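Trainee: I'd like to ask you about the structure that follows.
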Amino acid sequence: MAYITLSTFVGYSASSGPSRSSFVRRQRRQYEDPARAAFNYYRRAANAVRSGRAANQDEVALRALVNAADERTKPHYAAIAEGWLKYLGRKSPRLVEVGRGRCRIGDLEIGVSPQMGLRKSDGRRYATWLYFKEEPLAKASAQLALWVLEQAMPDVLPGGEALVIDVRRAKEYQLSVRDRERLRPWARSEASAFLTLWDAA
């Protein structure tokens, strides 16, 4: 049994060729020795997005995030701020509480912790996973994240739906019925391939 986060599983899926092996090896080292893990500065961005939405002061919260950043992180935070504000536009979704859950695929267990829950104007509630990285989120990777989110939905947001947002591109993703039908075997094959590399790492 291996335990990883949703971000790790999506990152693995987005990699290809020999880079997959080095990605898994690096992740296993970090899980076995958490002190080796790099500082996750996207956590600050997630906190700013969430606090801004909670107070309906998105621009204020994101400006503070950018202004407090060092030279290395400032351009990343600025791109995230621009993308999130573009995504919101005139929309004003309300925050809802979300929990944490797990999705088990064979011997791979994936921790699912959406950064926020959103209630849109039509009343539908979404467990929302935010993607902050510089590289665009591929549609296939977004769909995999959505599928995993759905498996954990009873614990994360009962009765809710899954939503993934590529924040810098201000682009959201949801699953169709057709997507769900074909994603299950693919998710299982990705999990199996991940475990093979994990055991060899």
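Going through the structure tokens in order, the chains are called A, B, and so on, while each chain numbers its residues from 1 and the ligands are numbered from 1 in the order shown.
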Which residues of segment 77-109 of chain A come within 10 Å of segment 42-62 of chain A, and for each one, what is the closest pair of atoms and their distance in Å to one decimal, counting only C-alpha atoms, sorted by chain and residue number, as a tab-separated table?
Mentor:
```
residue	atom	partner	partner_atom	distance
A:Tyr77	CA	A:Ala45	CA	6.8
A:Ala78	CA	A:Leu62	CA	8.2
A:Ile80	CA	A:Ala45	CA	7.6
A:Ala81	CA	A:Leu62	CA	5.6
A:Glu82	CA	A:Leu62	CA	8.8
A:Trp84	CA	A:Val49	CA	7.7
A:Leu85	CA	A:Glu59	CA	7.1
A:Leu88	CA	A:Asp58	CA	9.1
A:Ser92	CA	A:Asn56	CA	7.8
A:Pro93	CA	A:Arg53	CA	7.9
A:Arg94	CA	A:Arg53	CA	7.2
A:Leu95	CA	A:Ala54	CA	6.2
A:Val96	CA	A:Ala54	CA	9.3
```
Trainee: Could you turn the residues from that selection into a file that holds C-alpha atoms, as a PDB file, in the first residue's frame?
Mentor:
```pdb
ATOM      1  CA  TYR A  77       1.746  35.068  -7.281  1.00  0.00           C
ATOM      2  CA  ALA A  78       1.019  37.925  -9.687  1.00  0.00           C
ATOM      3  CA  ILE A  80      -2.168  33.556  -9.944  1.00  0.00           C
ATOM      4  CA  ALA A  81      -3.837  36.768  -8.775  1.00  0.00           C
ATOM      5  CA  GLU A  82      -4.530  37.868 -12.344  1.00  0.00           C
ATOM      6  CA  TRP A  84      -8.176  34.133 -10.252  1.00  0.00           C
ATOM      7  CA  LEU A  85      -9.657  37.598 -10.659  1.00  0.00           C
ATOM      8  CA  LEU A  88     -14.254  35.302 -10.998  1.00  0.00           C
ATOM      9  CA  SER A  92     -19.346  35.793  -6.680  1.00  0.00           C
ATOM     10  CA  PRO A  93     -19.529  32.135  -5.573  1.00  0.00           C
ATOM     11  CA  ARG A  94     -19.911  31.603  -1.853  1.00  0.00           C
ATOM     12  CA  LEU A  95     -17.624  29.424   0.199  1.00  0.00           C
ATOM     13  CA  VAL A  96     -18.919  26.183   1.679  1.00  0.00           C
TER      14      VAL A  96
END
```
Trainee: If you run DSSP on this backbone, which residues of segment 38-201 of chain A come out as helix (DSSP H, G or I), and could you give them as a PyMOL selection string?
Mentor: chain A and resi 42-55+58-67+74-88+139-151+153-156+177-200
Trainee: Hey, what does DSSP flag as strand (DSSP E) within segment 22-150 of chain A? Can you give it to me as a ChimeraX atom specification?
Mentor: /A:94-96,101-105,108-112,116-119,125-131
Trainee: Hey, which bits of segment 1-106 of chain A sit within 7 Å of segment 151-168 of chain A, and for each residue what's the closest pair of atoms and how far apart in Å (one decimal), counting only C-alpha atoms, rows by chain and increasing number, as CSV?
Mentor:
```
residue,atom,partner,partner_atom,distance
A:Ala79,CA,A:Arg168,CA,5.8
A:Ile80,CA,A:Arg168,CA,5.0
A:Gly83,CA,A:Arg168,CA,4.3
A:Trp84,CA,A:Val167,CA,5.5
A:Val98,CA,A:Val156,CA,5.4
A:Gly99,CA,A:Val156,CA,4.4
A:Arg100,CA,A:Val156,CA,5.1
A:Gly101,CA,A:Ala152,CA,5.2
A:Arg102,CA,A:Ala152,CA,5.5
A:Cys103,CA,A:Ala152,CA,5.5
```
Trainee: Rank A:Asn40, A:Ser113, A:Ser21, A:Gln174 by their smallest atom-to-atom distance to Phe132 of chain A, using only C-alpha atoms, and report the top residue only.
Mentor: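 Checking each of A:Asn40, A:Ser113, A:Ser21, A:Gln174 against Phe132 of chain A, counting only C-alpha atoms, the winner is A:Asn40.
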Trainee: Could you check the closest approach to Arg169 of chain A for each of A:Val112, A:Ala201, A:Ala138, A:Val24 and tell me which residue wins, using only C-alpha atoms?
Mentor: A:Ala138
Trainee: Find the spatial neighbours of Ala142 of chain A, counting only C-alpha atoms, within a cut-off of 12 Å - ignore same-chain residues fewer than 3 positions away - and output them as a PyMOL selection string.
Mentor: chain A and resi 6-7+9-11+13-14+128-131+136-139+145-149+162-166+171-175+179+183
Trainee: Quick one, how far is atom CA of Ala170 of chain A from atom CA of Tyr87 of chain A?
Mentor: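 We find that atom CA of Ala170 of chain A and atom CA of Tyr87 of chain A lie 4.5 Å from each other.
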